[in-house]
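A short write-up of the structure that comes next.
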Amino acid sequence: MAWLALWPFLAWAQASTQAPVPASRPSPSKIEVPSRAQPAEASHAKATSNITEQPRAPSSQPPHAPSRARSSSSIEAQPRAQPLALEPARAQSHVKAPTKIETQPNAQPSSRLDARPDAKTPATIEAQHRAHPRGLSHAKPYATTPAKIVGTVWQPDQEHTRPVGNWQKLGARSLLVQWSRAGDVAFIAGCGGQPAAVPPDWKRIASEPWAKEVIMGLAGDYSETTTRQLLPELIQRSRCLAQLNWPIHINAWYFPAEIDPTWKQAAQLRSLLTQLPRPLWVSAYDSVNLGPSGLCSVLKDSLPDDVGIFFQDGVGVHARTAGVSHDYLQGLRKCLGPHHKVRLIAEVMRPLPEGGFRAVTTQEMRAQLAMYPGEKVWLFEGPHYLNADLVDAIASELQKK
């Protein structure tokens, strides 16, 4: 499940009421995942091959947690924002609050799996293109093989514990769960915390065609800042969760602490993560556009060699274009080498002028994926942004020659 940073979306989504969805913020779900919106850092403005996406300019308000998209007959459905308690500017995590989640001031989509603090305007994005000359040059749509959607991200919160969707129609068979405990809310019994009002039916979820592979999130917090402050405690909770007798088969684990260049103490993760089981993944985004080499240095200092990385493209929060995000992906792989596997989370929401997020449109989704030729992609975030009608519309659009 930036997901891959995913927090701010949750805060906003839980704080607001549901808005119509179809076309925007596919889920944000991982992978169209919520308002983590496309993480500012990991988010990248969309680029198109022949199709020029016109991103919506972000509102003056900071991005919030993913808004929940409601299914509708219209393809361009507007999701209803769900209160996702996220928090301050991109320390923004995609966390939701217990029963009543209080929106954090500058919450960002947690997929960052969330939305980044200062989403860019079209003019800013163009400036970034000039700053990254290779941004749109080498990533030619379908230059080799088209991007392949292989999974979605899901950020559980009190209002989203029973995910239902048809994401397999897009090719998704892997489910990245943001966390199994967020703050004091426990989505599985056995390691403390207050049980979710409606516990997830894990057996049913694992039987879905879009969850043939489950990457289970461990212990985090709806607030990204809190997560970063309580790392030792969250690691201990995570060890407990990983040792439970889960009712489903878990293919890998995900620790929901999103890394970006502004986190000055990220290096403490290096020793702490050695206490968690493998395979293990984290997510990363770049909220300050440091560039692939700069982000790579931060990741090398923060992670053991065997920890995989979900890179959040940042397109959902207008942090950069999909073409520039593709440059990041290639640059990270080259810099990190074969030890660290790097996967891509495509944000499937877009910021609204008045604040919050909507689901992507079918054309926006096609244009975004066109810039990731040959890549395997997780969508952030399914349950919030990719309702059944929108999935059908996107599947139909992607089948066009």
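Convention: chains lettered A, B, ... in structure tokens order; per-chain residue numbering from 1; ligands numbered from 1 as shown.
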
Exercise: Ser325 of chain A partners within 7 Å, only C-alpha atoms, chain neighbours under 4 positions left out, as a ChimeraX atom specification
/A:44,313,320-321,329

Write the residues you've just listed into a file as a PDB file, in the first residue's frame, and include C-alpha atoms for each of them.
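Saved result, part_3.pdb, follows:
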```
ATOM      1  CA  HIS A  44       3.391  12.037  -9.767  1.00  0.00           C
ATOM      2  CA  ASP A 313       3.861   7.523  -7.712  1.00  0.00           C
ATOM      3  CA  ARG A 320       4.577  14.863 -10.382  1.00  0.00           C
ATOM      4  CA  THR A 321       3.598  13.365 -13.701  1.00  0.00           C
ATOM      5  CA  LEU A 329      11.147   3.919 -10.408  1.00  0.00           C
TER       6      LEU A 329
END
```

Residue neighbourhood segment 167-180 of chain A, 8 Å, only C-alpha atoms, exclusion window fewer than 6 positions, as a PDB file with C-alpha atoms, in the first residue's frame:
```pdb
ATOM      1  CA  MET A   1       0.000   0.000   0.000  1.00  0.00           C
ATOM      2  CA  LEU A   6      -1.166   6.374   2.680  1.00  0.00           C
ATOM      3  CA  LYS A  30      -2.856   0.486  -2.964  1.00  0.00           C
ATOM      4  CA  ILE A  31      -3.260  -0.745  -6.534  1.00  0.00           C
ATOM      5  CA  SER A 111      -1.695   5.199   0.912  1.00  0.00           C
ATOM      6  CA  LYS A 148      -0.164  -4.740 -15.737  1.00  0.00           C
ATOM      7  CA  ILE A 149      -2.458  -4.158 -12.784  1.00  0.00           C
ATOM      8  CA  VAL A 150      -1.708  -6.939 -10.319  1.00  0.00           C
ATOM      9  CA  GLY A 151      -3.104  -5.661  -7.037  1.00  0.00           C
ATOM     10  CA  THR A 152      -4.973  -3.124  -4.954  1.00  0.00           C
ATOM     11  CA  VAL A 153      -4.343  -1.432  -1.626  1.00  0.00           C
ATOM     12  CA  TRP A 154      -6.891  -1.416   1.198  1.00  0.00           C
ATOM     13  CA  GLN A 155      -6.760   0.888   4.223  1.00  0.00           C
ATOM     14  CA  PRO A 156      -9.067  -0.573   6.871  1.00  0.00           C
ATOM     15  CA  ALA A 186      -7.636  -3.703  16.178  1.00  0.00           C
ATOM     16  CA  PHE A 187      -8.818  -5.431  13.019  1.00  0.00           C
ATOM     17  CA  ILE A 188      -7.947  -8.826  14.427  1.00  0.00           C
ATOM     18  CA  PRO A 209     -10.354 -13.421  -6.714  1.00  0.00           C
ATOM     19  CA  TRP A 210      -8.630 -10.077  -6.058  1.00  0.00           C
ATOM     20  CA  ALA A 211      -6.966 -11.384  -2.873  1.00  0.00           C
ATOM     21  CA  LYS A 212      -5.248 -14.575  -3.986  1.00  0.00           C
ATOM     22  CA  GLU A 213      -2.086 -13.097  -2.505  1.00  0.00           C
ATOM     23  CA  VAL A 214      -2.296 -11.173   0.787  1.00  0.00           C
ATOM     24  CA  ILE A 215       0.397  -8.777   1.967  1.00  0.00           C
ATOM     25  CA  MET A 216      -0.670  -8.057   5.537  1.00  0.00           C
ATOM     26  CA  GLY A 217      -0.002  -4.706   7.164  1.00  0.00           C
ATOM     27  CA  LEU A 218       1.155  -4.833  10.779  1.00  0.00           C
ATOM     28  CA  ALA A 219       0.763  -2.123  13.469  1.00  0.00           C
ATOM     29  CA  GLY A 220       0.632   1.553  12.554  1.00  0.00           C
ATOM     30  CA  LEU A 241       0.433  -9.616  15.164  1.00  0.00           C
ATOM     31  CA  TYR A 254       4.038  -4.770   5.389  1.00  0.00           C
ATOM     32  CA  PHE A 255       5.163  -2.331   8.081  1.00  0.00           C
ATOM     33  CA  PRO A 256       3.088   0.887   7.732  1.00  0.00           C
ATOM     34  CA  TRP A 378      -0.859  -1.883  -7.349  1.00  0.00           C
ATOM     35  CA  GLY A 382      -9.681   0.101  -4.066  1.00  0.00           C
ATOM     36  CA  LEU A 386     -12.784   1.922  -7.289  1.00  0.00           C
ATOM     37  CA  ALA A 388     -17.871  -1.680  -9.475  1.00  0.00           C
ATOM     38  CA  VAL A 391     -13.923  -0.697 -12.594  1.00  0.00           C
ATOM     39  CA  ASP A 392     -16.120  -1.887 -15.483  1.00  0.00           C
ATOM     40  CA  ILE A 394     -11.827   1.382 -16.760  1.00  0.00           C
ATOM     41  CA  ALA A 395     -11.574  -2.254 -17.856  1.00  0.00           C
TER      42      ALA A 395
END
```

I want to know what sits within 9 Å of segment 229-232 of chain A, based on only C-alpha atoms, with residues of the same chain fewer than 5 positions away left out; could you give that as a PyMOL selection string?
chain A and resi 220+224+237+257+268-269+272

Those same residues, written as a CSV table (one decimal), in the first residue's frame with C-alpha atoms?
```csv
chain,number,residue,atom,x,y,z
A,220,GLY,CA,0.6,1.6,12.6
A,224,GLU,CA,2.0,9.5,10.3
A,237,ARG,CA,2.8,-4.7,18.5
A,257,ALA,CA,5.8,3.5,8.4
A,268,GLN,CA,16.3,4.2,13.1
A,269,LEU,CA,14.1,1.8,11.0
A,272,LEU,CA,14.1,-2.1,14.3
```

Which residues are near Pro200 of chain A? Cut-off 9 Å, only C-alpha atoms, ignore same chain within fewer than 4 positions. Put them as number ranges by chain.
A: 156, 160-163, 187-188, 196, 204-205

Keeping only N, CA and C atoms, take the residues you just selected and write them out as a PDB file, in the first residue's frame.
```
ATOM      1  N   PRO A 156      -7.928  -0.318   5.978  1.00  0.00           N
ATOM      2  CA  PRO A 156      -9.067  -0.573   6.871  1.00  0.00           C
ATOM      3  C   PRO A 156      -9.307   0.599   7.825  1.00  0.00           C
ATOM      4  N   HIS A 160     -14.753   0.888   6.848  1.00  0.00           N
ATOM      5  CA  HIS A 160     -14.363   0.047   5.709  1.00  0.00           C
ATOM      6  C   HIS A 160     -13.689  -1.233   6.209  1.00  0.00           C
ATOM      7  N   THR A 161     -14.485  -2.113   6.758  1.00  0.00           N
ATOM      8  CA  THR A 161     -13.939  -3.373   7.263  1.00  0.00           C
ATOM      9  C   THR A 161     -14.423  -4.565   6.449  1.00  0.00           C
ATOM     10  N   ARG A 162     -15.326  -4.329   5.507  1.00  0.00           N
ATOM     11  CA  ARG A 162     -15.845  -5.418   4.680  1.00  0.00           C
ATOM     12  C   ARG A 162     -15.703  -5.057   3.200  1.00  0.00           C
ATOM     13  N   PRO A 163     -14.475  -5.014   2.693  1.00  0.00           N
ATOM     14  CA  PRO A 163     -14.251  -4.601   1.309  1.00  0.00           C
ATOM     15  C   PRO A 163     -14.932  -5.529   0.302  1.00  0.00           C
ATOM     16  N   PHE A 187      -8.023  -4.769  14.052  1.00  0.00           N
ATOM     17  CA  PHE A 187      -8.818  -5.431  13.019  1.00  0.00           C
ATOM     18  C   PHE A 187      -8.688  -6.944  13.079  1.00  0.00           C
ATOM     19  N   ILE A 188      -7.995  -7.399  14.115  1.00  0.00           N
ATOM     20  CA  ILE A 188      -7.947  -8.826  14.427  1.00  0.00           C
ATOM     21  C   ILE A 188      -7.670  -8.921  15.935  1.00  0.00           C
ATOM     22  N   ALA A 196     -12.479  -3.560  16.192  1.00  0.00           N
ATOM     23  CA  ALA A 196     -13.240  -2.739  15.257  1.00  0.00           C
ATOM     24  C   ALA A 196     -14.720  -3.030  15.474  1.00  0.00           C
ATOM     25  N   ARG A 204     -13.444 -14.633   4.217  1.00  0.00           N
ATOM     26  CA  ARG A 204     -14.174 -14.246   3.011  1.00  0.00           C
ATOM     27  C   ARG A 204     -13.289 -13.398   2.112  1.00  0.00           C
ATOM     28  N   ILE A 205     -12.552 -12.465   2.724  1.00  0.00           N
ATOM     29  CA  ILE A 205     -11.673 -11.591   1.947  1.00  0.00           C
ATOM     30  C   ILE A 205     -10.631 -12.404   1.191  1.00  0.00           C
TER      31      ILE A 205
END
```

Atomic separation - atom CA of Gly165 of chain A relative to atom CA of Arg358 of chain A, Å
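If I compute the distance from atom CA of Arg358 of chain A to atom CA of Gly165 of chain A, I get 17.5 Å.
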
Quick one, how far is atom CA of Val298 of chain A from atom CA of Lys341 of chain A?
15.6 Å

Here is a test: counting only C-alpha atoms, which residue of A:Ala266, A:Leu398, A:Val377, A:Leu344 is nearest to Gln312 of chain A?
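Answer, going by the shortest atom-to-atom distance: A:Leu344.
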
Please provide as an MDAnalysis selection string all residues within 8 Å of Leu276 of chain A, with the sequence filter that same-chain residues fewer than 4 positions apart are discarded (counting only C-alpha atoms).
chainID A and resid 235 238:239 242 272 280

Write the selection just made, keeping N, CA and C atoms, as a PDB file, in the first residue's frame?
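Saved file result19.pdb follows:
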```pdb
ATOM      1  N   ILE A 235       6.673  -1.630  16.646  1.00  0.00           N
ATOM      2  CA  ILE A 235       7.414  -2.838  16.258  1.00  0.00           C
ATOM      3  C   ILE A 235       7.019  -3.995  17.172  1.00  0.00           C
ATOM      4  N   SER A 238       3.653  -5.172  16.262  1.00  0.00           N
ATOM      5  CA  SER A 238       3.738  -5.878  14.979  1.00  0.00           C
ATOM      6  C   SER A 238       4.266  -7.292  15.156  1.00  0.00           C
ATOM      7  N   ARG A 239       5.213  -7.471  16.064  1.00  0.00           N
ATOM      8  CA  ARG A 239       5.743  -8.811  16.324  1.00  0.00           C
ATOM      9  C   ARG A 239       4.643  -9.719  16.848  1.00  0.00           C
ATOM     10  N   ALA A 242       2.250 -10.630  13.956  1.00  0.00           N
ATOM     11  CA  ALA A 242       2.847 -11.592  13.026  1.00  0.00           C
ATOM     12  C   ALA A 242       2.869 -13.007  13.598  1.00  0.00           C
ATOM     13  N   LEU A 272      15.417  -1.612  13.769  1.00  0.00           N
ATOM     14  CA  LEU A 272      14.115  -2.063  14.270  1.00  0.00           C
ATOM     15  C   LEU A 272      13.455  -3.088  13.354  1.00  0.00           C
ATOM     16  N   LEU A 280       9.229  -8.863   3.898  1.00  0.00           N
ATOM     17  CA  LEU A 280       8.760  -7.626   4.530  1.00  0.00           C
ATOM     18  C   LEU A 280       8.865  -6.467   3.548  1.00  0.00           C
TER      19      LEU A 280
END
```

Interatomic distance, atom CA of Ile250 of chain A to atom CA of Met349 of chain A (Å, one decimal):
27.6 Å

Segment 331-360 of chain A: which residues are alpha helix (DSSP H) by DSSP, as a ChimeraX atom specification?
/A:331-336

Just checking: using only C-alpha atoms, which residue out of A:Phe357, A:Trp281, A:Phe380, A:Trp202 ends up closest to Arg343 of chain A?
A:Trp281
